[in-house]
$ cat coords-v5.txt   # compact mmCIF, C-alpha atoms and all ligand atoms
# COMPACT_ATOMS: atom_id res chain seq x y z
CA LEU S 209 -15.62 -18.48 4.29
CA PRO S 210 -14.83 -15.46 6.48
CA ASN S 211 -11.19 -16.54 6.30
CA VAL S 212 -11.45 -16.84 2.51
CA LEU S 213 -12.89 -13.31 2.41
CA TYR S 214 -10.12 -12.03 4.67
CA LEU S 215 -7.39 -13.58 2.52
CA THR S 216 -8.79 -12.82 -0.94
CA ASN S 217 -11.30 -9.94 -0.64
CA LEU S 218 -13.90 -12.22 -2.21
CA ALA S 219 -17.31 -12.45 -0.53
CA ILE S 220 -18.38 -15.69 -2.18
CA SER S 221 -20.27 -18.53 -0.56
CA ALA S 222 -18.24 -21.51 -1.74
CA ALA S 223 -14.45 -21.66 -2.04
CA ILE S 224 -11.27 -23.28 -0.78
CA VAL S 225 -7.98 -21.42 -0.51
CA VAL S 226 -4.61 -23.18 -0.71
CA ALA S 227 -1.82 -20.98 0.59
CA THR S 228 1.86 -21.82 0.37
CA ARG S 229 4.85 -19.61 0.97
CA GLU S 230 4.80 -18.61 -2.71
CA ARG S 231 1.26 -19.09 -3.95
CA LEU S 232 -2.36 -18.38 -3.15
CA VAL S 233 -4.74 -20.62 -5.08
CA LEU S 234 -8.48 -20.06 -4.98
CA ILE S 235 -10.66 -23.04 -5.82
CA THR S 236 -14.22 -22.05 -6.67
CA ASP S 237 -17.02 -23.14 -8.99
CA PHE S 238 -18.89 -21.86 -12.02
CA ARG S 239 -21.29 -19.73 -9.95
CA TYR S 240 -18.47 -17.40 -8.87
CA LEU S 241 -16.14 -17.33 -11.88
CA THR S 242 -17.63 -14.09 -13.22
CA THR S 243 -17.59 -12.55 -9.75
CA VAL S 244 -13.88 -13.28 -9.47
CA ALA S 245 -13.15 -12.12 -13.04
CA ARG S 246 -14.82 -8.78 -12.27
CA THR S 247 -12.31 -8.07 -9.51
CA ARG S 248 -9.39 -8.28 -11.91
CA GLY S 249 -7.68 -4.91 -12.22
CA GLN S 250 -9.72 -3.39 -9.38
CA PRO S 251 -7.87 -1.72 -6.50
CA PHE S 252 -9.27 -4.34 -4.10
CA GLU S 253 -8.19 -7.29 -6.26
CA CYS S 254 -6.22 -9.94 -4.39
CA PRO S 255 -2.75 -9.62 -5.96
CA ASP S 256 -1.16 -12.66 -7.60
CA MET S 257 -4.06 -14.94 -6.77
CA GLU S 258 -4.35 -18.00 -8.99
CA MET S 259 -7.75 -19.51 -9.64
CA THR S 260 -8.78 -23.10 -10.32
CA SER S 261 -12.38 -23.90 -11.18
CA VAL S 262 -13.95 -26.97 -9.66
CA GLN S 263 -13.81 -30.11 -11.78
CA GLY S 264 -16.05 -32.86 -10.43
CA SER S 265 -16.11 -31.94 -6.76
CA TYR S 266 -14.41 -29.40 -4.50
CA ASP S 267 -12.49 -32.11 -2.67
CA ALA S 268 -11.33 -33.88 -5.82
CA THR S 269 -10.15 -30.52 -7.18
CA LEU S 270 -8.39 -29.74 -3.90
CA ALA S 271 -6.65 -33.14 -3.94
CA ALA S 272 -5.46 -32.48 -7.52
CA VAL S 273 -4.12 -29.02 -6.58
CA LEU S 274 -2.27 -30.42 -3.57
CA GLU S 275 -0.85 -33.37 -5.51
CA SER S 276 0.46 -31.09 -8.26
CA GLY S 277 2.18 -28.84 -5.72
CA SER S 278 4.81 -31.31 -4.43
CA MET S 279 3.80 -30.72 -0.82
CA ALA S 280 4.56 -33.20 1.94
CA ARG S 281 2.55 -31.70 4.79
CA VAL S 282 -0.55 -29.56 4.52
CA GLY S 283 -2.17 -27.81 7.45
CA PHE S 284 -5.97 -27.67 7.31
CA GLU S 285 -8.51 -25.74 9.35
CA ALA S 286 -9.69 -28.35 11.81
CA ALA S 287 -12.64 -26.21 12.86
CA HIS S 288 -13.96 -26.12 9.30
CA LEU S 289 -13.53 -29.63 7.88
CA THR S 290 -16.03 -32.37 8.63
CA VAL S 291 -14.90 -35.82 9.74
CA ALA S 292 -16.38 -37.30 6.55
CA ARG S 293 -14.48 -34.96 4.22
CA HIS S 294 -11.28 -35.34 6.23
CA GLY S 295 -11.58 -39.13 5.92
CA TRP S 296 -11.91 -38.96 2.14
CA LEU S 297 -9.15 -36.37 1.69
CA SER S 298 -6.61 -38.02 3.97
CA GLY S 299 -7.25 -41.41 2.33
CA THR S 300 -6.92 -39.95 -1.17
CA LEU S 301 -3.76 -37.99 -0.34
CA ALA S 302 -2.16 -40.97 1.40
CA ARG S 303 -2.53 -42.93 -1.86
CA ALA S 304 -1.02 -40.13 -3.98
CA ALA S 305 2.22 -40.78 -5.91
CA THR S 306 3.97 -38.65 -3.25
CA PRO S 307 1.82 -39.12 -0.12
CA ILE S 308 0.70 -35.91 1.61
CA ASP S 309 0.18 -35.62 5.35
CA LEU S 310 -2.78 -33.57 6.60
CA VAL S 311 -2.03 -31.69 9.82
CA PRO S 312 -4.83 -30.05 11.85
CA THR S 313 -4.42 -26.35 12.67
CA GLU S 314 -6.65 -23.97 14.58
CA GLY S 315 -7.03 -20.22 14.60
CA VAL S 316 -4.20 -19.41 12.16
CA VAL S 317 -6.09 -16.88 10.05
CA GLU S 318 -8.38 -15.94 12.93
CA ALA S 319 -5.39 -14.78 14.98
CA GLY S 320 -4.53 -12.26 12.25
CA ARG S 321 -8.14 -11.16 11.97
CA ALA S 322 -8.36 -10.30 15.67
CA ARG S 323 -6.31 -7.14 15.27
CA LYS S 324 -7.96 -4.75 12.80
CA ASP S 325 -6.04 -2.52 10.42
CA ALA S 326 -6.89 1.11 9.65
CA TYR S 327 -9.19 0.15 6.77
CA GLU S 328 -11.15 -2.27 8.90
CA LEU S 329 -11.37 0.21 11.78
CA GLU S 330 -12.80 2.83 9.46
CA LEU S 331 -15.61 0.45 8.51
CA LEU S 332 -16.24 -0.61 12.10
CA ARG S 333 -16.36 3.02 13.27
CA GLU S 334 -18.85 3.86 10.54
CA GLY S 335 -20.86 0.74 11.40
CA GLY S 336 -20.83 1.79 15.07
CA ARG S 337 -22.09 5.27 14.20
CA ARG S 338 -24.86 3.88 12.03
CA ILE S 339 -26.06 1.20 14.45
CA SER S 340 -26.18 3.87 17.18
CA GLU S 341 -28.33 5.99 14.89
CA VAL S 342 -30.65 3.02 14.40
CA ALA S 343 -30.79 2.54 18.18
CA ARG S 344 -31.81 6.16 18.77
CA GLU S 345 -34.56 5.80 16.20
CA VAL S 346 -35.77 2.52 17.72
CA LEU S 347 -35.80 3.90 21.27
CA GLY S 348 -38.07 6.67 20.00
CA GLU S 349 -40.49 4.21 18.45
CA VAL S 350 -41.03 1.62 21.19
CA ARG S 351 -44.72 1.61 22.19
CA ARG S 352 -46.85 -0.43 24.58
CA GLY S 353 -49.18 -2.72 22.62
CA GLN S 354 -46.56 -3.43 19.92
CA SER S 355 -45.68 -7.11 19.47
CA GLU S 356 -42.09 -8.27 19.84
CA ARG S 357 -42.16 -9.50 16.25
CA ASP S 358 -43.46 -6.23 14.83
CA LEU S 359 -40.79 -4.28 16.68
CA ALA S 360 -38.08 -6.71 15.49
CA LEU S 361 -39.30 -6.30 11.91
CA ARG S 362 -39.13 -2.52 12.27
CA ILE S 363 -35.58 -2.75 13.65
CA ASP S 364 -34.51 -4.96 10.72
CA SER S 365 -35.95 -2.49 8.29
CA LEU S 366 -34.16 0.44 9.98
CA ILE S 367 -30.92 -1.55 9.85
CA ARG S 368 -31.20 -1.94 6.08
CA GLN S 369 -32.28 1.66 5.60
CA ALA S 370 -29.18 2.75 7.52
CA GLY S 371 -26.99 1.22 4.82
CA PHE S 372 -26.23 -2.16 6.35
CA GLU S 373 -26.15 -5.18 4.03
CA ARG S 374 -28.23 -7.17 6.48
CA PRO S 375 -28.78 -7.72 10.19
CA ALA S 376 -25.73 -9.39 11.74
CA PHE S 377 -27.91 -11.99 13.52
CA ASP S 378 -31.57 -12.59 14.30
CA THR S 379 -32.75 -9.44 16.05
CA ILE S 380 -33.79 -9.97 19.66
CA VAL S 381 -36.80 -8.20 21.18
CA ALA S 382 -37.51 -9.82 24.56
CA SER S 383 -40.18 -8.32 26.80
CA GLY S 384 -41.38 -8.99 30.35
CA PRO S 385 -40.51 -12.55 31.43
CA ASN S 386 -38.99 -13.21 27.99
CA ALA S 387 -36.22 -10.75 28.87
CA ALA S 388 -34.86 -13.45 31.21
CA LEU S 389 -33.86 -15.47 28.11
CA PRO S 390 -30.49 -14.12 26.88
CA HIS S 391 -31.15 -15.35 23.33
CA ALA S 392 -34.93 -15.03 23.17
CA ARG S 393 -36.72 -15.20 19.82
CA PRO S 394 -39.26 -12.44 19.18
CA SER S 395 -42.80 -13.71 19.84
CA GLU S 396 -46.34 -12.40 19.36
CA ARG S 397 -46.27 -11.10 22.95
CA LYS S 398 -47.28 -7.44 23.13
CA LEU S 399 -45.25 -4.94 25.18
CA ARG S 400 -47.12 -3.95 28.32
CA GLU S 401 -46.85 -1.60 31.29
CA SER S 402 -43.80 -2.16 33.54
CA ASP S 403 -42.11 -4.64 31.15
CA LEU S 404 -38.36 -4.55 30.79
CA VAL S 405 -37.60 -4.97 27.08
CA VAL S 406 -34.21 -6.15 25.81
CA LEU S 407 -33.47 -4.87 22.29
CA ASP S 408 -30.40 -6.55 20.78
CA PHE S 409 -29.51 -6.05 17.14
CA GLY S 410 -26.58 -5.70 14.81
CA GLY S 411 -25.73 -4.92 11.25
CA VAL S 412 -23.17 -5.96 8.65
CA TYR S 413 -21.56 -2.86 7.15
CA ASP S 414 -19.42 -3.61 4.11
CA SER S 415 -18.81 -7.12 5.51
CA TYR S 416 -18.01 -5.92 9.08
CA CYS S 417 -20.35 -6.62 12.02
CA VAL S 418 -21.46 -4.30 14.79
CA ASP S 419 -23.73 -5.26 17.68
CA LEU S 420 -25.69 -3.22 20.24
CA THR S 421 -28.15 -3.85 23.07
CA ARG S 422 -30.29 -1.55 25.18
CA THR S 423 -32.94 -2.44 27.74
CA VAL S 424 -35.92 -0.13 28.27
CA SER S 425 -38.89 -0.03 30.61
CA ILE S 426 -42.44 0.33 29.41
CA GLY S 427 -43.76 3.02 31.75
CA PRO S 428 -42.21 3.65 35.17
CA ALA S 429 -39.59 1.06 36.15
CA SER S 430 -39.99 -0.83 39.43
CA ALA S 431 -37.36 -0.49 42.16
CA ARG S 432 -36.13 -3.99 41.28
CA ALA S 433 -35.84 -3.12 37.59
CA ARG S 434 -33.80 -0.04 38.49
CA ASP S 435 -31.49 -2.05 40.74
CA VAL S 436 -30.84 -4.66 38.06
CA HIS S 437 -30.25 -2.00 35.41
CA ALA S 438 -27.87 -0.08 37.68
CA ALA S 439 -25.87 -3.24 38.43
CA VAL S 440 -25.57 -4.19 34.75
CA LEU S 441 -24.58 -0.64 33.83
CA SER S 442 -21.89 -0.67 36.49
CA ALA S 443 -20.63 -4.01 35.09
CA ARG S 444 -20.50 -2.48 31.62
CA ASP S 445 -18.62 0.60 32.87
CA ARG S 446 -16.12 -1.43 34.91
CA ALA S 447 -15.45 -3.80 31.99
CA ILE S 448 -14.80 -0.89 29.61
CA ALA S 449 -12.46 0.68 32.18
CA ALA S 450 -10.56 -2.64 32.42
CA ALA S 451 -10.03 -2.88 28.64
CA GLY S 452 -6.80 -1.60 27.11
CA PRO S 453 -3.55 -2.62 25.44
CA GLY S 454 -1.56 -5.19 27.41
CA ARG S 455 -4.57 -6.02 29.59
CA SER S 456 -5.95 -9.54 29.90
CA ARG S 457 -9.25 -10.30 28.20
CA PHE S 458 -10.09 -12.51 31.19
CA ASP S 459 -9.66 -9.53 33.51
CA VAL S 460 -12.15 -7.52 31.45
CA ASP S 461 -14.64 -10.32 31.98
CA ALA S 462 -13.78 -10.47 35.68
CA ALA S 463 -14.41 -6.71 36.05
CA ALA S 464 -17.98 -7.15 34.79
CA ARG S 465 -18.51 -10.26 36.93
CA ASP S 466 -17.18 -8.53 40.06
CA ALA S 467 -19.63 -5.66 39.62
CA LEU S 468 -22.58 -8.04 39.45
CA ARG S 469 -21.25 -10.00 42.43
CA ASP S 470 -20.99 -6.74 44.42
CA ALA S 471 -24.69 -6.19 43.64
CA GLY S 472 -25.55 -9.72 44.79
CA MET S 473 -26.35 -10.78 41.23
CA ALA S 474 -23.43 -13.09 40.40
CA GLU S 475 -25.74 -16.02 39.66
CA ALA S 476 -27.82 -13.96 37.24
CA PHE S 477 -24.92 -13.44 34.79
CA GLY S 478 -24.22 -16.74 33.05
CA HIS S 479 -22.69 -15.80 29.72
CA GLY S 480 -19.44 -14.22 28.57
CA THR S 481 -18.90 -10.47 28.83
CA GLY S 482 -18.19 -10.03 25.13
CA HIS S 483 -16.88 -11.27 21.81
CA GLY S 484 -14.75 -9.97 18.99
CA LEU S 485 -16.41 -8.27 16.04
CA GLY S 486 -15.27 -8.31 12.43
CA LEU S 487 -16.15 -10.39 9.42
CA GLU S 488 -18.06 -12.56 11.90
CA VAL S 489 -20.33 -11.31 14.64
CA HIS S 490 -18.72 -13.68 17.13
CA GLU S 491 -14.96 -14.02 16.72
CA ASP S 492 -11.72 -13.56 18.67
CA PRO S 493 -11.00 -12.10 21.14
CA ARG S 494 -13.57 -13.77 23.42
CA ILE S 495 -14.10 -11.77 26.60
CA VAL S 496 -14.85 -14.70 28.87
CA GLU S 497 -13.94 -16.28 32.19
CA ARG S 498 -10.49 -17.80 32.49
CA ARG S 499 -10.88 -21.57 32.40
CA PRO S 500 -7.71 -23.33 33.53
CA GLY S 501 -6.62 -26.15 31.22
CA VAL S 502 -8.72 -25.05 28.26
CA ALA S 503 -6.57 -24.21 25.22
CA THR S 504 -7.50 -20.70 24.15
CA ALA S 505 -6.49 -17.91 21.82
CA ALA S 506 -4.08 -15.20 23.00
CA GLU S 507 -4.95 -13.62 26.33
CA THR S 508 -3.49 -10.14 25.94
CA LEU S 509 -5.47 -7.36 24.31
CA GLU S 510 -3.73 -5.38 21.59
CA PRO S 511 -4.45 -2.06 19.86
CA GLY S 512 -6.88 -2.59 17.01
CA MET S 513 -8.86 -5.36 18.68
CA VAL S 514 -12.61 -4.73 18.48
CA PHE S 515 -15.12 -6.46 20.72
CA THR S 516 -18.41 -6.11 22.55
CA ILE S 517 -18.96 -5.49 26.24
CA GLU S 518 -22.37 -6.97 27.01
CA PRO S 519 -23.01 -7.96 30.60
CA GLY S 520 -26.53 -8.93 31.61
CA ALA S 521 -28.58 -10.14 34.55
CA TYR S 522 -31.47 -12.54 34.07
CA PHE S 523 -34.16 -13.61 36.52
CA PRO S 524 -36.61 -16.31 35.35
CA GLY S 525 -40.19 -15.13 35.82
CA PHE S 526 -39.16 -11.50 36.28
CA GLY S 527 -37.13 -10.56 33.22
CA GLY S 528 -33.67 -9.23 32.66
CA VAL S 529 -31.35 -6.48 31.51
CA ARG S 530 -28.48 -6.49 29.02
CA ILE S 531 -26.45 -3.50 27.89
CA GLU S 532 -24.07 -3.95 24.97
CA ASP S 533 -21.57 -1.62 23.36
CA ASP S 534 -18.67 -2.09 20.95
CA VAL S 535 -15.14 -0.96 21.77
CA VAL S 536 -11.78 -0.77 20.05
CA VAL S 537 -8.52 -1.10 21.96
CA THR S 538 -6.33 1.95 21.33
CA GLU S 539 -2.71 2.69 22.22
CA SER S 540 -3.81 3.99 25.61
CA GLY S 541 -7.14 2.40 26.53
CA ALA S 542 -10.43 1.49 24.91
CA GLU S 543 -12.71 3.70 22.86
CA LEU S 544 -16.41 3.22 22.29
CA LEU S 545 -17.60 2.66 18.72
CA THR S 546 -21.25 2.87 19.76
CA GLY S 547 -22.85 5.84 21.46
CA VAL S 548 -26.43 5.80 22.73
CA THR S 549 -27.78 6.73 26.13
CA THR S 550 -27.30 4.06 28.78
CA ASP S 551 -30.00 5.54 31.06
CA LEU S 552 -32.93 3.26 31.82
CA LEU S 553 -35.52 4.86 29.53
CA GLU S 554 -39.15 4.72 30.69
CA LEU S 555 -41.17 4.76 27.49
N1 LIG A 601 -27.26 -11.62 20.23
C1 LIG A 601 -25.95 -11.74 19.77
C2 LIG A 601 -24.99 -11.08 20.66
O1 LIG A 601 -25.25 -10.07 21.25
O2 LIG A 601 -23.89 -11.53 20.79
MN MN A 602 -25.95 -8.24 20.58
MN MN A 603 -22.99 -9.42 21.10
$ encode --input "coords-v5.txt" --output "structure tokens"
Amino acid sequence: LPNVLYLTNLAISAAIVVATRERLVLITDFRYLTTVARTRGQPFECPDMEMTSVQGSYDATLAAVLESGSMARVGFEAAHLTVARHGWLSGTLARAATPIDLVPTEGVVEAGRARKDAYELELLREGGRRISEVAREVLGEVRRGQSERDLALRIDSLIRQAGFERPAFDTIVASGPNAALPHARPSERKLRESDLVVLDFGGVYDSYCVDLTRTVSIGPASARARDVHAAVLSARDRAIAAAGPGRSRFDVDAAARDALRDAGMAEAFGHGTGHGLGLEVHEDPRIVERRPGVATAAETLEPGMVFTIEPGAYFPGFGGVRIEDDVVVTESGAELLTGVTTDLLEL
């Protein structure tokens, strides 16, 4: 569906697109016909798009469109078609008057999405400004005695008030020992003295996702908490410095990992350094470790690529720290889209 949105400008929750060199055919059902009709004549209308409404089932309609198009080979998105549907489609198309071969493809539309155009960058910059505003508000409202869930609810409400369509993912508020869980779910636990609290939230602004994390201390931070925060901040700074046009996304990850290794915390950082942002909150380019032999998307960063830098360090029983910002690759380096203090706040 994010690829359908990218190709057609239609944010609808059920559709198939058939693209040939000459035609773009949208297959959708009754629920969205009026939505599509309303875009006709609008400046954001997808030009020359043909529409077919579903008769019977999506797959039967797709098979009919393909059979009427005198195609011999059709690439399909292997990451988005179930084995069951592929079995039915390939069987049906093999029995067609002119048999059609289905060929798996991966990342075709995603590769185009990785590099944002000026319109997309405008939205992501505005999203970055607004999520930073939300963060400043949240940092001013964190109080001991608040439950993780109540704080998460408040963050979600601020996200919507700031003009986002919705949170980009389930907001994370992870306090004390829960901060050692990179993807903790907010619980009834109440924030207490000397907790580290990881606050990780994002918003969808006119279909584009932004994502931000800060970690705060409730009351004075312990020496250990300061050390962990300083190491993660250094990893964040070194990764941002390593990002730029022509640079390797694996080297950006390595810069963050090296900083944590230098601090003796290599084992505490077990996830990727970042992920692309766009119509999806996790998309290409992935800022991860190089894994020899694993087929991956393009390695080299290009101007217009937007992604997070979010190193962390996690210690079961103690807690953890993550700091996350969003950057765009420019012609000469990388520029932050988010801007909130990275000091370890003692609230
Ligand atoms: N919690 C989602 C992310 O930061 O990627
Ligand atoms: Mn996040
Ligand atoms: Mn993220």
$ residues_around --input "coords-v5.txt" --residues "region 252-268 of chain S" --least-positions-apart "6" --cutoff "12 Å" --atoms "all atoms listed in the file" --output "MDAnalysis selection string"
chainID S and resid 212:219 222:228 230:246 274:275 289:290 292:301 327
$ atom_distance --input "coords-v5.txt" --atom1 "CA of Pro312 (chain S)" --atom2 "CA of Glu285 (chain S)"
6.2 Å
$ closest_residue --input "coords-v5.txt" --among "S:Val460, S:Leu407, S:Val311, S:Ile426" --to "Gly283 (chain S)" --atoms "all atoms listed in the file"
S:Val311
$ closest_atom_pairs --input "coords-v5.txt" --of "chain S" --to "ligand LIG 601 (chain A)" --cutoff "12 Å" --atoms "all atoms listed in the file" --output "JSON lines"
{"residue": "S:Pro375", "atom": "CA", "partner": "A:LIG601", "partner_atom": "C1", "distance": 10.8}
{"residue": "S:Ala376", "atom": "CA", "partner": "A:LIG601", "partner_atom": "C1", "distance": 8.4}
{"residue": "S:Phe377", "atom": "CA", "partner": "A:LIG601", "partner_atom": "C1", "distance": 6.6}
{"residue": "S:Asp378", "atom": "CA", "partner": "A:LIG601", "partner_atom": "N1", "distance": 7.4}
{"residue": "S:Thr379", "atom": "CA", "partner": "A:LIG601", "partner_atom": "N1", "distance": 7.2}
{"residue": "S:Ile380", "atom": "CA", "partner": "A:LIG601", "partner_atom": "N1", "distance": 6.8}
{"residue": "S:Val381", "atom": "CA", "partner": "A:LIG601", "partner_atom": "N1", "distance": 10.2}
{"residue": "S:Ala382", "atom": "CA", "partner": "A:LIG601", "partner_atom": "N1", "distance": 11.3}
{"residue": "S:Leu389", "atom": "CA", "partner": "A:LIG601", "partner_atom": "N1", "distance": 11.0}
{"residue": "S:Pro390", "atom": "CA", "partner": "A:LIG601", "partner_atom": "N1", "distance": 7.8}
{"residue": "S:His391", "atom": "CA", "partner": "A:LIG601", "partner_atom": "N1", "distance": 6.2}
{"residue": "S:Ala392", "atom": "CA", "partner": "A:LIG601", "partner_atom": "N1", "distance": 8.9}
{"residue": "S:Arg393", "atom": "CA", "partner": "A:LIG601", "partner_atom": "N1", "distance": 10.1}
{"residue": "S:Val406", "atom": "CA", "partner": "A:LIG601", "partner_atom": "N1", "distance": 10.5}
{"residue": "S:Leu407", "atom": "CA", "partner": "A:LIG601", "partner_atom": "N1", "distance": 9.4}
{"residue": "S:Asp408", "atom": "CA", "partner": "A:LIG601", "partner_atom": "N1", "distance": 6.0}
{"residue": "S:Phe409", "atom": "CA", "partner": "A:LIG601", "partner_atom": "N1", "distance": 6.8}
{"residue": "S:Gly410", "atom": "CA", "partner": "A:LIG601", "partner_atom": "C1", "distance": 7.8}
{"residue": "S:Gly411", "atom": "CA", "partner": "A:LIG601", "partner_atom": "C1", "distance": 10.9}
{"residue": "S:Cys417", "atom": "CA", "partner": "A:LIG601", "partner_atom": "O2", "distance": 10.7}
{"residue": "S:Val418", "atom": "CA", "partner": "A:LIG601", "partner_atom": "O1", "distance": 9.5}
{"residue": "S:Asp419", "atom": "CA", "partner": "A:LIG601", "partner_atom": "O1", "distance": 6.2}
{"residue": "S:Leu420", "atom": "CA", "partner": "A:LIG601", "partner_atom": "O1", "distance": 6.9}
{"residue": "S:Thr421", "atom": "CA", "partner": "A:LIG601", "partner_atom": "O1", "distance": 7.1}
{"residue": "S:Arg422", "atom": "CA", "partner": "A:LIG601", "partner_atom": "O1", "distance": 10.7}
{"residue": "S:His479", "atom": "CA", "partner": "A:LIG601", "partner_atom": "O2", "distance": 10.0}
{"residue": "S:Gly480", "atom": "CA", "partner": "A:LIG601", "partner_atom": "O2", "distance": 9.4}
{"residue": "S:Thr481", "atom": "CA", "partner": "A:LIG601", "partner_atom": "O2", "distance": 9.5}
{"residue": "S:Gly482", "atom": "CA", "partner": "A:LIG601", "partner_atom": "O2", "distance": 7.3}
{"residue": "S:His483", "atom": "CA", "partner": "A:LIG601", "partner_atom": "O2", "distance": 7.1}
{"residue": "S:Gly484", "atom": "CA", "partner": "A:LIG601", "partner_atom": "O2", "distance": 9.4}
{"residue": "S:Leu485", "atom": "CA", "partner": "A:LIG601", "partner_atom": "O2", "distance": 9.4}
{"residue": "S:Glu488", "atom": "CA", "partner": "A:LIG601", "partner_atom": "O2", "distance": 10.7}
{"residue": "S:Val489", "atom": "CA", "partner": "A:LIG601", "partner_atom": "O2", "distance": 7.1}
{"residue": "S:His490", "atom": "CA", "partner": "A:LIG601", "partner_atom": "O2", "distance": 6.7}
{"residue": "S:Glu491", "atom": "CA", "partner": "A:LIG601", "partner_atom": "O2", "distance": 10.1}
{"residue": "S:Arg494", "atom": "CA", "partner": "A:LIG601", "partner_atom": "O2", "distance": 10.9}
{"residue": "S:Ile495", "atom": "CA", "partner": "A:LIG601", "partner_atom": "O2", "distance": 11.4}
{"residue": "S:Phe515", "atom": "CA", "partner": "A:LIG601", "partner_atom": "O2", "distance": 10.1}
{"residue": "S:Thr516", "atom": "CA", "partner": "A:LIG601", "partner_atom": "O2", "distance": 7.9}
{"residue": "S:Ile517", "atom": "CA", "partner": "A:LIG601", "partner_atom": "O1", "distance": 9.2}
{"residue": "S:Glu518", "atom": "CA", "partner": "A:LIG601", "partner_atom": "O1", "distance": 7.1}
{"residue": "S:Pro519", "atom": "CA", "partner": "A:LIG601", "partner_atom": "O1", "distance": 9.8}
{"residue": "S:Gly520", "atom": "CA", "partner": "A:LIG601", "partner_atom": "O1", "distance": 10.5}
{"residue": "S:Arg530", "atom": "CA", "partner": "A:LIG601", "partner_atom": "O1", "distance": 9.1}
{"residue": "S:Ile531", "atom": "CA", "partner": "A:LIG601", "partner_atom": "O1", "distance": 9.4}
{"residue": "S:Glu532", "atom": "CA", "partner": "A:LIG601", "partner_atom": "O1", "distance": 7.3}
{"residue": "S:Asp533", "atom": "CA", "partner": "A:LIG601", "partner_atom": "O1", "distance": 9.5}
{"residue": "S:Asp534", "atom": "CA", "partner": "A:LIG601", "partner_atom": "O1", "distance": 10.3}
$ atom_distance --input "coords-v5.txt" --atom1 "CA of Leu359 (chain S)" --atom2 "CA of Gly525 (chain S)"
22.0 Å
$ closest_residue --input "coords-v5.txt" --among "S:Leu209, S:Leu361, S:Ala438, S:Leu509" --to "Asp459 (chain S)" --atoms "only C-alpha atoms"
S:Leu509
$ closest_residue --input "coords-v5.txt" --among "S:Thr423, S:Thr508, S:Thr550, S:Ser395" --to "ligand MN 602 (chain A)" --atoms "only C-alpha atoms and all ligand atoms"
S:Thr423
$ atom_distance --input "coords-v5.txt" --atom1 "CA of Ser365 (chain S)" --atom2 "CA of Thr549 (chain S)"
21.7 Å
$ residues_around --input "coords-v5.txt" --residues "region 314-321 of chain S" --least-positions-apart "6" --cutoff "7 Å" --atoms "all atoms listed in the file" --output "list in words"
Asn211, Glu285, Ala286 and Ala287 of chain S
$ residues_near_point --input "coords-v5.txt" --point "(-40.0, -1.6, 40.5)" --cutoff "12 Å" --atoms "all atoms listed in the file" --output "list in words"
Glu401, Ser402, Asp403, Leu404, Ser425, Ile426, Gly427, Pro428, Ala429, Ser430, Ala431, Arg432, Ala433, Arg434, Asp435, Val436, His437, Phe526, Gly527 and Glu554 of chain S
$ residues_around --input "coords-v5.txt" --residues "Ala521 (chain S)" --least-positions-apart "4" --cutoff "7 Å" --atoms "only C-alpha atoms" --output "PyMOL selection string"
chain S and resi 436+440+476-477+528-530
